[in-house]
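Q: Just structure_25.cif, nothing more (mmCIF, C-alpha atoms and all ligand atoms):
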data_upload
#
loop_
_atom_site.group_PDB
_atom_site.id
_atom_site.type_symbol
_atom_site.label_atom_id
_atom_site.label_comp_id
_atom_site.auth_asym_id
_atom_site.auth_seq_id
_atom_site.Cartn_x
_atom_site.Cartn_y
_atom_site.Cartn_z
ATOM 1 C CA MET A 1 75.053 144.655 65.364
ATOM 2 C CA ALA A 2 72.874 141.822 66.690
ATOM 3 C CA GLU A 3 72.242 139.078 64.158
ATOM 4 C CA HIS A 4 68.713 139.057 62.707
ATOM 5 C CA LYS A 5 66.621 136.033 63.578
ATOM 6 C CA THR A 6 63.707 135.245 61.292
ATOM 7 C CA ARG A 7 60.483 136.175 63.066
ATOM 8 C CA LEU A 8 57.977 133.325 63.034
ATOM 9 C CA ALA A 9 54.313 133.021 63.948
ATOM 10 C CA VAL A 10 53.013 129.552 64.616
ATOM 11 C CA PHE A 11 49.321 128.803 63.968
ATOM 12 C CA CYS A 12 47.929 125.864 65.957
ATOM 13 C CA SER A 13 44.593 124.382 66.980
ATOM 14 C CA GLY A 14 45.545 121.439 69.162
ATOM 15 C CA THR A 15 48.266 119.668 71.093
ATOM 16 C CA GLY A 16 51.077 121.546 69.434
ATOM 17 C CA SER A 17 53.608 118.723 69.431
ATOM 18 C CA ASN A 18 55.031 119.953 66.121
ATOM 19 C CA PHE A 19 55.299 123.454 67.572
ATOM 20 C CA ARG A 20 57.235 121.992 70.519
ATOM 21 C CA ALA A 21 59.564 120.068 68.207
ATOM 22 C CA LEU A 22 60.250 123.218 66.181
ATOM 23 C CA HIS A 23 60.725 125.332 69.281
ATOM 24 C CA ARG A 24 63.179 122.761 70.647
ATOM 25 C CA ALA A 25 65.157 122.876 67.388
ATOM 26 C CA ILE A 26 65.322 126.669 67.660
ATOM 27 C CA THR A 27 66.337 126.574 71.328
ATOM 28 C CA GLU A 28 69.076 124.103 70.441
ATOM 29 C CA LYS A 29 70.160 126.504 67.676
ATOM 30 C CA HIS A 30 69.483 124.155 64.776
ATOM 31 C CA ILE A 31 67.259 126.818 63.217
ATOM 32 C CA ASP A 32 68.153 130.491 63.168
ATOM 33 C CA ALA A 33 64.735 131.931 63.942
ATOM 34 C CA GLU A 34 62.416 132.807 66.799
ATOM 35 C CA PHE A 35 58.748 132.260 67.548
ATOM 36 C CA VAL A 36 57.308 135.665 68.402
ATOM 37 C CA LEU A 37 53.605 134.756 68.184
ATOM 38 C CA CYS A 38 51.392 131.733 68.672
ATOM 39 C CA LEU A 39 47.987 132.268 67.083
ATOM 40 C CA SER A 40 45.090 129.898 67.545
ATOM 41 C CA ASN A 41 41.364 129.716 66.900
ATOM 42 C CA ARG A 42 41.130 128.293 70.441
ATOM 43 C CA SER A 43 42.103 130.056 73.651
ATOM 44 C CA GLU A 44 42.797 126.798 75.493
ATOM 45 C CA CYS A 45 44.784 124.071 73.795
ATOM 46 C CA GLY A 46 48.140 122.398 74.304
ATOM 47 C CA ALA A 47 49.889 124.719 71.886
ATOM 48 C CA MET A 48 48.612 127.906 73.567
ATOM 49 C CA GLU A 49 49.537 126.554 76.970
ATOM 50 C CA TYR A 50 53.045 125.755 75.757
ATOM 51 C CA ALA A 51 53.409 129.238 74.262
ATOM 52 C CA ARG A 52 52.391 130.889 77.542
ATOM 53 C CA GLU A 53 54.769 128.680 79.528
ATOM 54 C CA ASN A 54 57.591 129.710 77.216
ATOM 55 C CA GLY A 55 56.937 133.448 77.121
ATOM 56 C CA ILE A 56 55.669 133.448 73.532
ATOM 57 C CA PRO A 57 52.649 135.759 73.060
ATOM 58 C CA ALA A 58 49.581 133.516 72.683
ATOM 59 C CA LEU A 59 46.706 135.124 70.827
ATOM 60 C CA GLN A 60 43.276 133.725 70.070
ATOM 61 C CA VAL A 61 41.839 134.920 66.775
ATOM 62 C CA SER A 62 38.706 133.072 65.796
ATOM 63 C CA GLU A 63 35.931 133.580 63.254
ATOM 64 C CA ASN A 64 33.506 133.208 66.176
ATOM 65 C CA GLN A 65 34.766 136.432 67.750
ATOM 66 C CA TYR A 66 33.871 138.484 64.659
ATOM 67 C CA PRO A 67 30.379 138.568 63.149
ATOM 68 C CA ASP A 68 31.946 139.981 59.985
ATOM 69 C CA TYR A 69 34.603 137.787 58.310
ATOM 70 C CA LYS A 70 36.418 140.920 57.078
ATOM 71 C CA ASP A 71 37.042 141.969 60.676
ATOM 72 C CA PHE A 72 38.410 138.528 61.505
ATOM 73 C CA VAL A 73 40.887 138.755 58.609
ATOM 74 C CA ALA A 74 41.798 142.317 59.609
ATOM 75 C CA ALA A 75 42.495 141.188 63.189
ATOM 76 C CA MET A 76 44.770 138.448 61.936
ATOM 77 C CA LEU A 77 46.656 140.799 59.634
ATOM 78 C CA TYR A 78 46.946 143.377 62.399
ATOM 79 C CA ALA A 79 48.533 140.806 64.738
ATOM 80 C CA LEU A 80 50.948 139.638 62.045
ATOM 81 C CA ASN A 81 51.995 143.218 61.297
ATOM 82 C CA GLU A 82 52.257 144.171 64.937
ATOM 83 C CA HIS A 83 54.651 141.289 65.600
ATOM 84 C CA ARG A 84 56.535 141.912 62.337
ATOM 85 C CA ILE A 85 56.038 138.327 61.249
ATOM 86 C CA GLU A 86 58.191 137.112 58.371
ATOM 87 C CA TYR A 87 56.999 133.498 58.109
ATOM 88 C CA ILE A 88 53.817 131.740 59.243
ATOM 89 C CA ILE A 89 54.277 128.158 60.375
ATOM 90 C CA LEU A 90 51.134 126.031 60.399
ATOM 91 C CA ALA A 91 51.380 123.240 62.944
ATOM 92 C CA GLY A 92 48.079 121.440 63.339
ATOM 93 C CA TYR A 93 46.036 124.531 62.427
ATOM 94 C CA MET A 94 42.608 123.225 61.480
ATOM 95 C CA ARG A 95 41.218 126.288 59.735
ATOM 96 C CA LYS A 96 41.556 127.606 56.205
ATOM 97 C CA ILE A 97 43.969 130.512 55.934
ATOM 98 C CA PRO A 98 42.098 133.555 54.587
ATOM 99 C CA ASP A 99 43.029 134.403 50.987
ATOM 100 C CA ALA A 100 44.189 137.892 51.979
ATOM 101 C CA ILE A 101 46.771 136.353 54.328
ATOM 102 C CA VAL A 102 47.916 133.870 51.670
ATOM 103 C CA LYS A 103 48.393 136.794 49.262
ATOM 104 C CA THR A 104 50.221 138.972 51.770
ATOM 105 C CA TYR A 105 52.471 136.106 52.846
ATOM 106 C CA HIS A 106 53.032 134.629 49.399
ATOM 107 C CA GLU A 107 55.697 131.865 49.630
ATOM 108 C CA ARG A 108 56.029 132.596 53.353
ATOM 109 C CA ILE A 109 53.451 130.208 54.822
ATOM 110 C CA VAL A 110 54.572 126.660 55.558
ATOM 111 C CA ASN A 111 52.387 123.689 56.491
ATOM 112 C CA ILE A 112 52.889 120.099 57.556
ATOM 113 C CA HIS A 113 50.398 117.523 56.354
ATOM 114 C CA PRO A 114 50.208 113.992 57.795
ATOM 115 C CA ALA A 115 50.332 112.113 54.469
ATOM 116 C CA LEU A 116 52.291 111.933 51.240
ATOM 117 C CA LEU A 117 50.805 114.782 49.197
ATOM 118 C CA PRO A 118 49.383 115.090 46.594
ATOM 119 C CA LYS A 119 47.624 111.976 47.864
ATOM 120 C CA PHE A 120 45.195 112.307 50.786
ATOM 121 C CA GLY A 121 45.059 116.089 50.813
ATOM 122 C CA GLY A 122 42.402 118.680 50.088
ATOM 123 C CA GLU A 123 39.386 120.089 51.851
ATOM 124 C CA GLY A 124 38.225 118.031 54.822
ATOM 125 C CA MET A 125 41.429 115.975 54.895
ATOM 126 C CA TYR A 126 42.951 116.665 58.263
ATOM 127 C CA GLY A 127 43.798 114.887 61.491
ATOM 128 C CA SER A 128 42.583 111.306 61.838
ATOM 129 C CA ARG A 129 40.491 111.489 58.638
ATOM 130 C CA VAL A 130 43.730 111.387 56.671
ATOM 131 C CA HIS A 131 44.914 108.175 58.336
ATOM 132 C CA THR A 132 41.484 106.555 57.990
ATOM 133 C CA ALA A 133 41.576 107.304 54.246
ATOM 134 C CA VAL A 134 45.121 105.934 53.887
ATOM 135 C CA LEU A 135 44.106 102.671 55.581
ATOM 136 C CA SER A 136 40.873 102.374 53.567
ATOM 137 C CA ALA A 137 42.855 102.784 50.349
ATOM 138 C CA GLY A 138 45.092 99.846 51.339
ATOM 139 C CA GLU A 139 48.305 101.881 51.083
ATOM 140 C CA THR A 140 51.514 100.163 52.169
ATOM 141 C CA GLU A 141 53.201 103.433 53.077
ATOM 142 C CA SER A 142 52.257 106.851 54.321
ATOM 143 C CA GLY A 143 54.289 109.726 55.719
ATOM 144 C CA ALA A 144 54.401 113.473 56.118
ATOM 145 C CA THR A 145 54.791 116.419 53.756
ATOM 146 C CA VAL A 146 56.072 119.914 54.443
ATOM 147 C CA HIS A 147 54.860 122.332 51.789
ATOM 148 C CA MET A 148 54.280 125.990 51.030
ATOM 149 C CA VAL A 149 50.696 127.182 51.323
ATOM 150 C CA ASP A 150 48.872 128.705 48.388
ATOM 151 C CA GLU A 151 45.217 129.421 47.625
ATOM 152 C CA GLU A 152 44.313 125.752 47.277
ATOM 153 C CA TYR A 153 44.190 123.239 50.119
ATOM 154 C CA ASP A 154 47.395 121.176 50.354
ATOM 155 C CA ARG A 155 48.494 122.062 46.821
ATOM 156 C CA GLY A 156 51.497 124.355 47.327
ATOM 157 C CA ARG A 157 55.110 123.574 46.436
ATOM 158 C CA ILE A 158 56.436 120.537 48.315
ATOM 159 C CA LEU A 159 59.571 121.245 50.353
ATOM 160 C CA MET A 160 60.244 117.836 51.899
ATOM 161 C CA GLN A 161 58.598 114.453 52.481
ATOM 162 C CA GLU A 162 59.371 111.451 54.608
ATOM 163 C CA THR A 163 57.728 108.043 54.403
ATOM 164 C CA VAL A 164 56.697 105.590 57.105
ATOM 165 C CA PRO A 165 55.381 102.045 56.571
ATOM 166 C CA VAL A 166 51.753 101.129 57.050
ATOM 167 C CA LEU A 167 51.887 97.961 59.154
ATOM 168 C CA PRO A 168 49.445 95.053 59.273
ATOM 169 C CA GLY A 169 46.864 95.686 61.974
ATOM 170 C CA ASP A 170 47.347 99.467 61.931
ATOM 171 C CA THR A 171 44.450 101.580 63.144
ATOM 172 C CA PRO A 172 44.124 105.318 62.385
ATOM 173 C CA GLU A 173 45.555 105.908 65.888
ATOM 174 C CA THR A 174 48.666 103.716 65.526
ATOM 175 C CA LEU A 175 49.370 105.118 62.065
ATOM 176 C CA ALA A 176 48.839 108.692 63.308
ATOM 177 C CA ARG A 177 51.409 108.129 66.067
ATOM 178 C CA ARG A 178 54.003 106.771 63.638
ATOM 179 C CA VAL A 179 53.450 109.653 61.226
ATOM 180 C CA LEU A 180 53.556 112.234 64.034
ATOM 181 C CA THR A 181 56.922 110.926 65.270
ATOM 182 C CA CYS A 182 58.191 111.307 61.720
ATOM 183 C CA GLU A 183 56.759 114.871 61.545
ATOM 184 C CA HIS A 184 58.723 115.938 64.613
ATOM 185 C CA GLU A 185 61.973 115.160 62.838
ATOM 186 C CA LEU A 186 60.907 116.291 59.371
ATOM 187 C CA TYR A 187 59.443 119.721 60.154
ATOM 188 C CA PRO A 188 62.560 121.175 61.826
ATOM 189 C CA ARG A 189 64.741 119.780 59.023
ATOM 190 C CA ALA A 190 62.510 121.281 56.309
ATOM 191 C CA LEU A 191 62.230 124.669 58.011
ATOM 192 C CA ARG A 192 65.960 124.854 58.540
ATOM 193 C CA LYS A 193 66.547 124.140 54.835
ATOM 194 C CA LEU A 194 63.947 126.708 53.761
ATOM 195 C CA LEU A 195 65.326 129.484 55.954
ATOM 196 C CA ASN A 196 68.940 128.718 55.091
ATOM 197 C CA ALA A 197 68.075 129.108 51.413
ATOM 198 C CA GLN A 198 66.719 132.655 51.900
HETATM 199 C C1 LIG A 201 49.717 116.719 62.835
HETATM 200 O O1 LIG A 201 49.681 115.360 62.494
HETATM 201 C C2 LIG A 201 49.612 117.581 61.597
HETATM 202 O O2 LIG A 201 50.275 117.036 60.487
HETATM 203 C C3 LIG A 201 48.122 117.564 61.362
HETATM 204 O O3 LIG A 201 47.567 117.689 62.651
HETATM 205 C C4 LIG A 201 48.456 117.115 63.615
HETATM 206 C C5 LIG A 201 48.737 118.160 64.676
HETATM 207 O O4 LIG A 201 49.454 117.634 65.740
HETATM 208 N N1 LIG A 201 47.731 118.634 60.502
HETATM 209 C C6 LIG A 201 46.730 118.554 59.633
HETATM 210 O O5 LIG A 201 46.016 117.577 59.531
HETATM 211 C C7 LIG A 201 46.500 119.811 58.801
HETATM 212 N N2 LIG A 201 45.872 119.490 57.559
HETATM 213 P P1 LIG A 201 50.196 118.587 66.784
HETATM 214 O O6 LIG A 201 49.177 119.629 67.256
HETATM 215 O O7 LIG A 201 50.572 117.659 67.896
HETATM 216 O O8 LIG A 201 51.385 119.217 66.105
#
Starting from the coordinates I provided, produce the structure as structure tokens.
A:
Amino acid sequence: MAEHKTRLAVFCSGTGSNFRALHRAITEKHIDAEFVLCLSNRSECGAMEYARENGIPALQVSENQYPDYKDFVAAMLYALNEHRIEYIILAGYMRKIPDAIVKTYHERIVNIHPALLPKFGGEGMYGSRVHTAVLSAGETESGATVHMVDEEYDRGRILMQETVPVLPGDTPETLARRVLTCEHELYPRALRKLLNAQ
């Protein structure tokens, strides 16, 4: 009998460099899983392009497509069921996950955040805002956190963290680049550990 590979959906909104790093780790057989869906609130973004290039179904599901929020949530759940998704991997997804999805996928949604949670997390803390806040606070180190997603923003169980230094003269852009490089190594390592423990 063919070995079962864990069926993953990746949720992205942007470049998708973390998605690429994870996909590479899977292709190189460091993680025993497969991406069977890329879901985005945007039809055109780096992540969706990468999914299409690699034969991974790329599906736009956005609040803007549904006047009624309930229908938006239903469309998301339908897609997850249809593709028999076991884990949802958030990789630069800039929208809140609907509560019904968090409930259905309890302990099966993973996120990467570009700072050392519980610091610099919460509503409105995403992308370059995080790095701006880290620099304004005068921190000497930052990093990335891989954590499970629950009902509260950036509050779920922490799976793994890695630190990077904040260097004199850093701007939000230079710090973001250093953290992102760290994310590309951390996320595959954390996902591999999580799935191996199942
Ligand atoms: C990453 O730095 C990720 O940690 C961050 O967005 C970037 C996406 O980059 N996510 C958040 O801020 C979510 N709160 P990518 O599209 O190149 O992977």
Q: Nearest to Cys12 (chain A) among A:Met125, A:Ile31, A:Ala144, A:Ile112, with distances taken over all atoms listed in the file: which residue is it?
A: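 Of A:Met125, A:Ile31, A:Ala144, A:Ile112, the one nearest Cys12 (chain A), counting all atoms listed in the file, is A:Ile112.
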Q: Kindly provide, as a PyMOL selection string, all nucleotide and amino acid residues lying within 10 Å of ligand LIG 201 (chain A), counting all atoms listed in the file.
A: chain A and resi 11-22+45-47+90-96+111-115+120-131+143-146+153-154+176-184+187
Q: Put those residues in a file: C-alpha atoms, as a CSV table (one decimal), in the frame of the given file.
A:
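New file out23.csv:
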chain,number,residue,atom,x,y,z
A,11,PHE,CA,49.3,128.8,64.0
A,12,CYS,CA,47.9,125.9,66.0
A,13,SER,CA,44.6,124.4,67.0
A,14,GLY,CA,45.5,121.4,69.2
A,15,THR,CA,48.3,119.7,71.1
A,16,GLY,CA,51.1,121.5,69.4
A,17,SER,CA,53.6,118.7,69.4
A,18,ASN,CA,55.0,120.0,66.1
A,19,PHE,CA,55.3,123.5,67.6
A,20,ARG,CA,57.2,122.0,70.5
A,21,ALA,CA,59.6,120.1,68.2
A,22,LEU,CA,60.2,123.2,66.2
A,45,CYS,CA,44.8,124.1,73.8
A,46,GLY,CA,48.1,122.4,74.3
A,47,ALA,CA,49.9,124.7,71.9
A,90,LEU,CA,51.1,126.0,60.4
A,91,ALA,CA,51.4,123.2,62.9
A,92,GLY,CA,48.1,121.4,63.3
A,93,TYR,CA,46.0,124.5,62.4
A,94,MET,CA,42.6,123.2,61.5
A,95,ARG,CA,41.2,126.3,59.7
A,96,LYS,CA,41.6,127.6,56.2
A,111,ASN,CA,52.4,123.7,56.5
A,112,ILE,CA,52.9,120.1,57.6
A,113,HIS,CA,50.4,117.5,56.4
A,114,PRO,CA,50.2,114.0,57.8
A,115,ALA,CA,50.3,112.1,54.5
A,120,PHE,CA,45.2,112.3,50.8
A,121,GLY,CA,45.1,116.1,50.8
A,122,GLY,CA,42.4,118.7,50.1
A,123,GLU,CA,39.4,120.1,51.9
A,124,GLY,CA,38.2,118.0,54.8
A,125,MET,CA,41.4,116.0,54.9
A,126,TYR,CA,43.0,116.7,58.3
A,127,GLY,CA,43.8,114.9,61.5
A,128,SER,CA,42.6,111.3,61.8
A,129,ARG,CA,40.5,111.5,58.6
A,130,VAL,CA,43.7,111.4,56.7
A,131,HIS,CA,44.9,108.2,58.3
A,143,GLY,CA,54.3,109.7,55.7
A,144,ALA,CA,54.4,113.5,56.1
A,145,THR,CA,54.8,116.4,53.8
A,146,VAL,CA,56.1,119.9,54.4
A,153,TYR,CA,44.2,123.2,50.1
A,154,ASP,CA,47.4,121.2,50.4
A,176,ALA,CA,48.8,108.7,63.3
A,177,ARG,CA,51.4,108.1,66.1
A,178,ARG,CA,54.0,106.8,63.6
A,179,VAL,CA,53.4,109.7,61.2
A,180,LEU,CA,53.6,112.2,64.0
A,181,THR,CA,56.9,110.9,65.3
A,182,CYS,CA,58.2,111.3,61.7
A,183,GLU,CA,56.8,114.9,61.5
A,184,HIS,CA,58.7,115.9,64.6
A,187,TYR,CA,59.4,119.7,60.2
Q: Find the residues near Leu159 (chain A): any atom within 12 Å, counting all atoms listed in the file, skip ones fewer than 2 places away on the same chain, and give them as a PyMOL selection string.
A: chain A and resi 107+109-113+116-117+144-149+155-157+161-162+186-195+197
Q: Can you spit out the residues from that selection as a PDB file, in the frame of the given file, using C-alpha atoms?
A:
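Final output, again-v4.pdb:
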ATOM      1  CA  GLU A 107      55.697 131.865  49.630  1.00  0.00           C
ATOM      2  CA  ILE A 109      53.451 130.208  54.822  1.00  0.00           C
ATOM      3  CA  VAL A 110      54.572 126.660  55.558  1.00  0.00           C
ATOM      4  CA  ASN A 111      52.387 123.689  56.491  1.00  0.00           C
ATOM      5  CA  ILE A 112      52.889 120.099  57.556  1.00  0.00           C
ATOM      6  CA  HIS A 113      50.398 117.523  56.354  1.00  0.00           C
ATOM      7  CA  LEU A 116      52.291 111.933  51.240  1.00  0.00           C
ATOM      8  CA  LEU A 117      50.805 114.782  49.197  1.00  0.00           C
ATOM      9  CA  ALA A 144      54.401 113.473  56.118  1.00  0.00           C
ATOM     10  CA  THR A 145      54.791 116.419  53.756  1.00  0.00           C
ATOM     11  CA  VAL A 146      56.072 119.914  54.443  1.00  0.00           C
ATOM     12  CA  HIS A 147      54.860 122.332  51.789  1.00  0.00           C
ATOM     13  CA  MET A 148      54.280 125.990  51.030  1.00  0.00           C
ATOM     14  CA  VAL A 149      50.696 127.182  51.323  1.00  0.00           C
ATOM     15  CA  ARG A 155      48.494 122.062  46.821  1.00  0.00           C
ATOM     16  CA  GLY A 156      51.497 124.355  47.327  1.00  0.00           C
ATOM     17  CA  ARG A 157      55.110 123.574  46.436  1.00  0.00           C
ATOM     18  CA  GLN A 161      58.598 114.453  52.481  1.00  0.00           C
ATOM     19  CA  GLU A 162      59.371 111.451  54.608  1.00  0.00           C
ATOM     20  CA  LEU A 186      60.907 116.291  59.371  1.00  0.00           C
ATOM     21  CA  TYR A 187      59.443 119.721  60.154  1.00  0.00           C
ATOM     22  CA  PRO A 188      62.560 121.175  61.826  1.00  0.00           C
ATOM     23  CA  ARG A 189      64.741 119.780  59.023  1.00  0.00           C
ATOM     24  CA  ALA A 190      62.510 121.281  56.309  1.00  0.00           C
ATOM     25  CA  LEU A 191      62.230 124.669  58.011  1.00  0.00           C
ATOM     26  CA  ARG A 192      65.960 124.854  58.540  1.00  0.00           C
ATOM     27  CA  LYS A 193      66.547 124.140  54.835  1.00  0.00           C
ATOM     28  CA  LEU A 194      63.947 126.708  53.761  1.00  0.00           C
ATOM     29  CA  LEU A 195      65.326 129.484  55.954  1.00  0.00           C
ATOM     30  CA  ALA A 197      68.075 129.108  51.413  1.00  0.00           C
TER      31      ALA A 197
END
Q: Taking 4 positions as the minimum chain separation for residues in the same chain, which residues sit within 12 Å of Leu80 (chain A) when counting all atoms listed in the file? Answer as a ChimeraX atom specification.
A: /A:7-11,36-39,57,59,61,73-76,84-88,101,104-105
Q: Edge lengths and centre, in Å to one decimal, as AutoDock Vina command-line options: that's what I need for the box along x, y and z that holds all listed atoms of region 49-61 of chain A plus 5 Å on each side.
A:
--center_x 49.7 --center_y 130.8 --center_z 73.2 --size_x 25.8 --size_y 20.0 --size_z 22.8
Q: Pick the closest to Ile97 (chain A) from A:Thr140, A:Thr171, A:Thr163, A:Asn41: which is it, counting all atoms listed in the file?
A: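 Of all the options, A:Asn41 lies closest to Ile97 (chain A).
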Q: Please report the interatomic distance between CA of Ile56 (chain A) and CA of Tyr78 (chain A) in Å with one decimal.
A: 17.3 Å
Q: The PyMOL selection byres (((chain A and resi 168) around 12) and not hetatm) - which residues does that actually catch in the file I just gave you? List them as a list in words.
A: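 With the PyMOL selection byres (((chain A and resi 168) around 12) and not hetatm) on this model, the match is Leu135, Gly138, Glu139, Thr140, Glu141, Pro165, Val166, Leu167, Gly169, Asp170, Thr171, Pro172, Thr174 and Leu175 of chain A.
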Q: Let me see the file: selected residues, C-alpha atoms, as a PDB file, in the coordinates of the input.
A:
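Okay, this is what ended up in result11.pdb:
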ATOM      1  CA  LEU A 135      44.106 102.671  55.581  1.00  0.00           C
ATOM      2  CA  GLY A 138      45.092  99.846  51.339  1.00  0.00           C
ATOM      3  CA  GLU A 139      48.305 101.881  51.083  1.00  0.00           C
ATOM      4  CA  THR A 140      51.514 100.163  52.169  1.00  0.00           C
ATOM      5  CA  GLU A 141      53.201 103.433  53.077  1.00  0.00           C
ATOM      6  CA  PRO A 165      55.381 102.045  56.571  1.00  0.00           C
ATOM      7  CA  VAL A 166      51.753 101.129  57.050  1.00  0.00           C
ATOM      8  CA  LEU A 167      51.887  97.961  59.154  1.00  0.00           C
ATOM      9  CA  GLY A 169      46.864  95.686  61.974  1.00  0.00           C
ATOM     10  CA  ASP A 170      47.347  99.467  61.931  1.00  0.00           C
ATOM     11  CA  THR A 171      44.450 101.580  63.144  1.00  0.00           C
ATOM     12  CA  PRO A 172      44.124 105.318  62.385  1.00  0.00           C
ATOM     13  CA  THR A 174      48.666 103.716  65.526  1.00  0.00           C
ATOM     14  CA  LEU A 175      49.370 105.118  62.065  1.00  0.00           C
TER      15      LEU A 175
END
Q: In Å, how far is it from CA of Leu77 (chain A) to CA of Lys103 (chain A)?
A: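 Computed distance, CA of Leu77 (chain A) to CA of Lys103 (chain A), equals 11.3 Å.
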Q: Excluding Lys5 (chain A) and any residue of its chain fewer than 6 positions from it, enumerate the residues within 9 Å of it, using only C-alpha atoms, and give them as a PyMOL selection string.
A: chain A and resi 32-34
